[in-house]
$ cat upload12.txt   # compact mmCIF, N, CA and C atoms
# COMPACT_ATOMS: atom_id res chain seq x y z
N MET J 58 51.41 -33.64 -9.30
CA MET J 58 51.64 -32.62 -10.27
C MET J 58 52.30 -31.39 -9.67
N GLY J 59 52.22 -31.26 -8.36
CA GLY J 59 52.87 -30.13 -7.73
C GLY J 59 51.98 -28.89 -7.60
N PHE J 60 50.67 -29.04 -7.83
CA PHE J 60 49.77 -27.89 -7.72
C PHE J 60 49.03 -27.85 -6.38
N GLY J 61 49.31 -28.72 -5.49
CA GLY J 61 48.63 -28.74 -4.19
C GLY J 61 47.19 -29.17 -4.33
N MET J 62 46.25 -28.35 -3.93
CA MET J 62 44.84 -28.71 -3.96
C MET J 62 44.16 -28.36 -5.28
N MET J 63 44.89 -27.85 -6.24
CA MET J 63 44.27 -27.48 -7.51
C MET J 63 44.13 -28.71 -8.40
N ASP J 64 43.06 -28.72 -9.18
CA ASP J 64 42.91 -29.81 -10.14
C ASP J 64 43.68 -29.43 -11.41
N GLY J 65 43.55 -30.19 -12.43
CA GLY J 65 44.30 -29.99 -13.65
C GLY J 65 44.02 -28.69 -14.36
N SER J 66 42.84 -28.10 -14.13
CA SER J 66 42.50 -26.87 -14.82
C SER J 66 42.98 -25.62 -14.07
N GLY J 67 43.57 -25.79 -12.90
CA GLY J 67 44.08 -24.67 -12.15
C GLY J 67 43.10 -24.09 -11.15
N PHE J 68 41.89 -24.64 -11.05
CA PHE J 68 40.90 -24.16 -10.09
C PHE J 68 40.84 -25.10 -8.90
N MET J 69 40.50 -24.55 -7.77
CA MET J 69 40.49 -25.32 -6.53
C MET J 69 39.26 -26.20 -6.47
N SER J 70 39.43 -27.48 -6.47
CA SER J 70 38.38 -28.49 -6.31
C SER J 70 37.22 -28.32 -7.28
N GLY J 71 37.43 -27.70 -8.40
CA GLY J 71 36.40 -27.58 -9.42
C GLY J 71 35.41 -26.45 -9.18
N TRP J 72 35.55 -25.68 -8.09
CA TRP J 72 34.62 -24.59 -7.81
C TRP J 72 34.96 -23.33 -8.59
N GLY J 73 36.20 -23.17 -8.94
CA GLY J 73 36.61 -22.00 -9.70
C GLY J 73 36.46 -20.72 -8.91
N TRP J 74 36.28 -19.61 -9.61
CA TRP J 74 36.14 -18.32 -8.95
C TRP J 74 34.82 -18.19 -8.20
N GLY J 75 33.82 -18.97 -8.58
CA GLY J 75 32.54 -18.92 -7.89
C GLY J 75 32.65 -19.33 -6.43
N GLY J 76 33.47 -20.34 -6.17
CA GLY J 76 33.69 -20.78 -4.79
C GLY J 76 34.39 -19.72 -3.97
N MET J 77 35.32 -19.02 -4.59
CA MET J 77 36.02 -17.95 -3.88
C MET J 77 35.09 -16.77 -3.62
N ALA J 78 34.23 -16.45 -4.58
CA ALA J 78 33.28 -15.35 -4.40
C ALA J 78 32.28 -15.69 -3.31
N PHE J 79 31.81 -16.93 -3.28
CA PHE J 79 30.86 -17.36 -2.25
C PHE J 79 31.51 -17.24 -0.88
N GLY J 80 32.76 -17.61 -0.77
CA GLY J 80 33.47 -17.49 0.50
C GLY J 80 33.59 -16.05 0.95
N GLY J 81 33.82 -15.15 0.01
CA GLY J 81 33.91 -13.73 0.33
C GLY J 81 32.57 -13.18 0.80
N ILE J 82 31.50 -13.60 0.14
CA ILE J 82 30.16 -13.16 0.54
C ILE J 82 29.84 -13.67 1.94
N MET J 83 30.18 -14.91 2.21
CA MET J 83 29.93 -15.48 3.54
C MET J 83 30.72 -14.73 4.61
N MET J 84 31.95 -14.34 4.30
CA MET J 84 32.76 -13.59 5.26
C MET J 84 32.10 -12.24 5.55
N ILE J 85 31.62 -11.55 4.52
CA ILE J 85 30.95 -10.27 4.70
C ILE J 85 29.68 -10.45 5.54
N LEU J 86 28.92 -11.51 5.27
CA LEU J 86 27.70 -11.76 6.04
C LEU J 86 28.02 -12.03 7.51
N TRP J 87 29.09 -12.77 7.78
CA TRP J 87 29.48 -13.04 9.17
C TRP J 87 29.87 -11.75 9.87
N PHE J 88 30.64 -10.89 9.18
CA PHE J 88 31.02 -9.61 9.78
C PHE J 88 29.79 -8.76 10.06
N ALA J 89 28.84 -8.74 9.13
CA ALA J 89 27.61 -7.97 9.32
C ALA J 89 26.82 -8.51 10.51
N LEU J 90 26.76 -9.82 10.64
CA LEU J 90 26.06 -10.44 11.77
C LEU J 90 26.73 -10.08 13.09
N ILE J 91 28.04 -10.13 13.13
CA ILE J 91 28.77 -9.80 14.36
C ILE J 91 28.55 -8.34 14.73
N ILE J 92 28.60 -7.43 13.74
CA ILE J 92 28.39 -6.01 14.00
C ILE J 92 26.96 -5.77 14.50
N ALA J 93 25.98 -6.44 13.87
CA ALA J 93 24.59 -6.29 14.29
C ALA J 93 24.40 -6.77 15.73
N LEU J 94 25.04 -7.87 16.10
CA LEU J 94 24.94 -8.37 17.47
C LEU J 94 25.57 -7.41 18.46
N ILE J 95 26.71 -6.83 18.10
CA ILE J 95 27.36 -5.87 18.99
C ILE J 95 26.47 -4.65 19.20
N VAL J 96 25.88 -4.12 18.11
CA VAL J 96 24.99 -2.96 18.23
C VAL J 96 23.78 -3.30 19.09
N PHE J 97 23.18 -4.48 18.86
CA PHE J 97 22.02 -4.90 19.65
C PHE J 97 22.37 -5.01 21.12
N LEU J 98 23.49 -5.66 21.42
CA LEU J 98 23.89 -5.80 22.82
C LEU J 98 24.19 -4.46 23.47
N PHE J 99 24.83 -3.56 22.74
CA PHE J 99 25.14 -2.24 23.28
C PHE J 99 23.85 -1.49 23.62
N ARG J 100 22.88 -1.52 22.72
CA ARG J 100 21.62 -0.82 22.98
C ARG J 100 20.86 -1.47 24.12
N TRP J 101 20.88 -2.80 24.18
CA TRP J 101 20.15 -3.51 25.22
C TRP J 101 20.78 -3.25 26.59
N LEU J 102 22.11 -3.29 26.65
CA LEU J 102 22.80 -3.08 27.92
C LEU J 102 22.76 -1.63 28.37
N SER J 103 22.72 -0.70 27.43
CA SER J 103 22.69 0.71 27.81
C SER J 103 21.30 1.13 28.25
N GLY J 104 20.30 0.30 27.98
CA GLY J 104 18.95 0.60 28.44
C GLY J 104 18.25 1.66 27.63
N SER J 105 18.78 1.95 26.46
CA SER J 105 18.11 2.97 25.64
C SER J 105 16.82 2.39 25.09
N SER J 106 15.77 3.16 25.24
CA SER J 106 14.48 2.71 24.76
C SER J 106 14.03 3.59 23.61
N ARG J 107 13.04 3.15 22.91
CA ARG J 107 12.51 3.87 21.77
C ARG J 107 11.24 4.64 22.14
N ARG J 108 11.16 5.10 23.37
CA ARG J 108 9.97 5.86 23.78
C ARG J 108 9.93 7.17 23.03
N ASP J 109 8.75 7.61 22.79
CA ASP J 109 8.54 8.87 22.09
C ASP J 109 8.86 10.02 23.03
N SER J 110 9.69 10.96 22.58
CA SER J 110 10.09 12.06 23.45
C SER J 110 8.92 12.97 23.81
N SER J 111 7.95 13.11 22.89
CA SER J 111 6.80 13.94 23.23
C SER J 111 5.95 13.28 24.32
N GLN J 112 5.93 11.96 24.36
CA GLN J 112 5.21 11.26 25.43
C GLN J 112 5.90 11.51 26.76
N ASP J 113 7.22 11.52 26.77
CA ASP J 113 7.95 11.84 28.00
C ASP J 113 7.60 13.25 28.47
N ALA J 114 7.51 14.18 27.54
CA ALA J 114 7.18 15.56 27.89
C ALA J 114 5.76 15.65 28.45
N VAL J 115 4.84 14.89 27.89
CA VAL J 115 3.47 14.88 28.40
C VAL J 115 3.44 14.32 29.81
N ASP J 116 4.23 13.29 30.06
CA ASP J 116 4.31 12.74 31.42
C ASP J 116 4.84 13.78 32.41
N ILE J 117 5.83 14.55 31.99
CA ILE J 117 6.36 15.61 32.85
C ILE J 117 5.30 16.67 33.12
N LEU J 118 4.56 17.03 32.07
CA LEU J 118 3.48 18.01 32.25
C LEU J 118 2.43 17.51 33.23
N LYS J 119 2.08 16.23 33.13
CA LYS J 119 1.10 15.66 34.05
C LYS J 119 1.60 15.68 35.48
N GLN J 120 2.89 15.42 35.66
CA GLN J 120 3.47 15.47 37.01
C GLN J 120 3.44 16.90 37.55
N ARG J 121 3.77 17.87 36.69
CA ARG J 121 3.73 19.28 37.11
C ARG J 121 2.30 19.69 37.46
N TYR J 122 1.33 19.19 36.71
CA TYR J 122 -0.08 19.48 37.00
C TYR J 122 -0.47 18.87 38.35
N ALA J 123 -0.02 17.65 38.59
CA ALA J 123 -0.34 16.98 39.85
C ALA J 123 0.27 17.71 41.04
N ARG J 124 1.42 18.32 40.86
CA ARG J 124 2.06 19.07 41.95
C ARG J 124 1.49 20.47 42.09
N GLY J 125 0.64 20.88 41.15
CA GLY J 125 0.02 22.20 41.21
C GLY J 125 0.87 23.31 40.59
N GLU J 126 1.90 22.94 39.86
CA GLU J 126 2.76 23.94 39.25
C GLU J 126 2.11 24.61 38.03
N ILE J 127 1.24 23.89 37.33
CA ILE J 127 0.52 24.44 36.19
C ILE J 127 -0.96 24.13 36.35
N ASP J 128 -1.80 24.91 35.69
CA ASP J 128 -3.24 24.65 35.79
C ASP J 128 -3.71 23.78 34.62
N ALA J 129 -4.99 23.43 34.64
CA ALA J 129 -5.54 22.50 33.65
C ALA J 129 -5.48 23.06 32.23
N SER J 130 -5.74 24.35 32.08
CA SER J 130 -5.72 24.93 30.74
C SER J 130 -4.31 24.93 30.16
N GLU J 131 -3.30 25.19 31.00
CA GLU J 131 -1.92 25.16 30.52
C GLU J 131 -1.51 23.73 30.16
N LEU J 132 -1.94 22.77 30.97
CA LEU J 132 -1.66 21.36 30.67
C LEU J 132 -2.25 20.98 29.32
N GLU J 133 -3.50 21.32 29.08
CA GLU J 133 -4.15 20.98 27.82
C GLU J 133 -3.49 21.66 26.63
N GLU J 134 -3.14 22.93 26.78
CA GLU J 134 -2.52 23.69 25.69
C GLU J 134 -1.16 23.12 25.33
N ARG J 135 -0.34 22.88 26.33
CA ARG J 135 1.01 22.35 26.06
C ARG J 135 0.95 20.92 25.52
N THR J 136 0.04 20.11 26.02
CA THR J 136 -0.12 18.75 25.51
C THR J 136 -0.55 18.78 24.05
N ARG J 137 -1.46 19.67 23.71
CA ARG J 137 -1.91 19.80 22.32
C ARG J 137 -0.75 20.24 21.43
N GLN J 138 0.07 21.18 21.90
CA GLN J 138 1.22 21.63 21.13
C GLN J 138 2.23 20.51 20.89
N LEU J 139 2.48 19.72 21.93
CA LEU J 139 3.44 18.62 21.80
C LEU J 139 2.95 17.58 20.80
N ARG J 140 1.67 17.27 20.85
CA ARG J 140 1.14 16.26 19.94
C ARG J 140 1.06 16.78 18.51
N ALA J 141 0.92 18.10 18.35
CA ALA J 141 0.89 18.69 17.02
C ALA J 141 2.27 18.69 16.37
N ASP J 142 3.31 18.72 17.19
CA ASP J 142 4.69 18.75 16.69
C ASP J 142 5.15 17.42 16.13
N LYS J 143 4.44 16.36 16.41
CA LYS J 143 4.86 15.01 15.96
C LYS J 143 4.97 14.94 14.49
$ encode --input "upload12.txt" --output "structure tokens"
Amino acid sequence: MGFGMMDGSGFMSGWGWGGMAFGGIMMILWFALIIALIVFLFRWLSGSSRRDSSQDAVDILKQRYARGEIDASELEERTRQLRADK
């Protein structure tokens, strides 16, 4: 008939526009998957962690206390302030 892969009704293999829409959705899902993998790999390779920043600050305060730079009351006060800011 000269229509290539179209059947007599003008739609490709009987799927019609639904087949084309499904293909578009699959393409979007593949792109989303590829982007998600790239983001995951970037974060994993960069070594970025999800540690709480206030916990890091408490660790620094404990180190300063161990070196004698601050006293126990200052350590307790600053630790309480950091935990209250959460």
$ atom_distance --input "upload12.txt" --atom1 "atom C of Arg140 (chain J)" --atom2 "CA of Ile117 (chain J)"
15.3 Å
$ atom_distance --input "upload12.txt" --atom1 "CA of Arg135 (chain J)" --atom2 "CA of Leu118 (chain J)"
8.0 Å
$ atom_distance --input "upload12.txt" --atom1 "atom N of Thr136 (chain J)" --atom2 "CA of Lys119 (chain J)"
9.2 Å
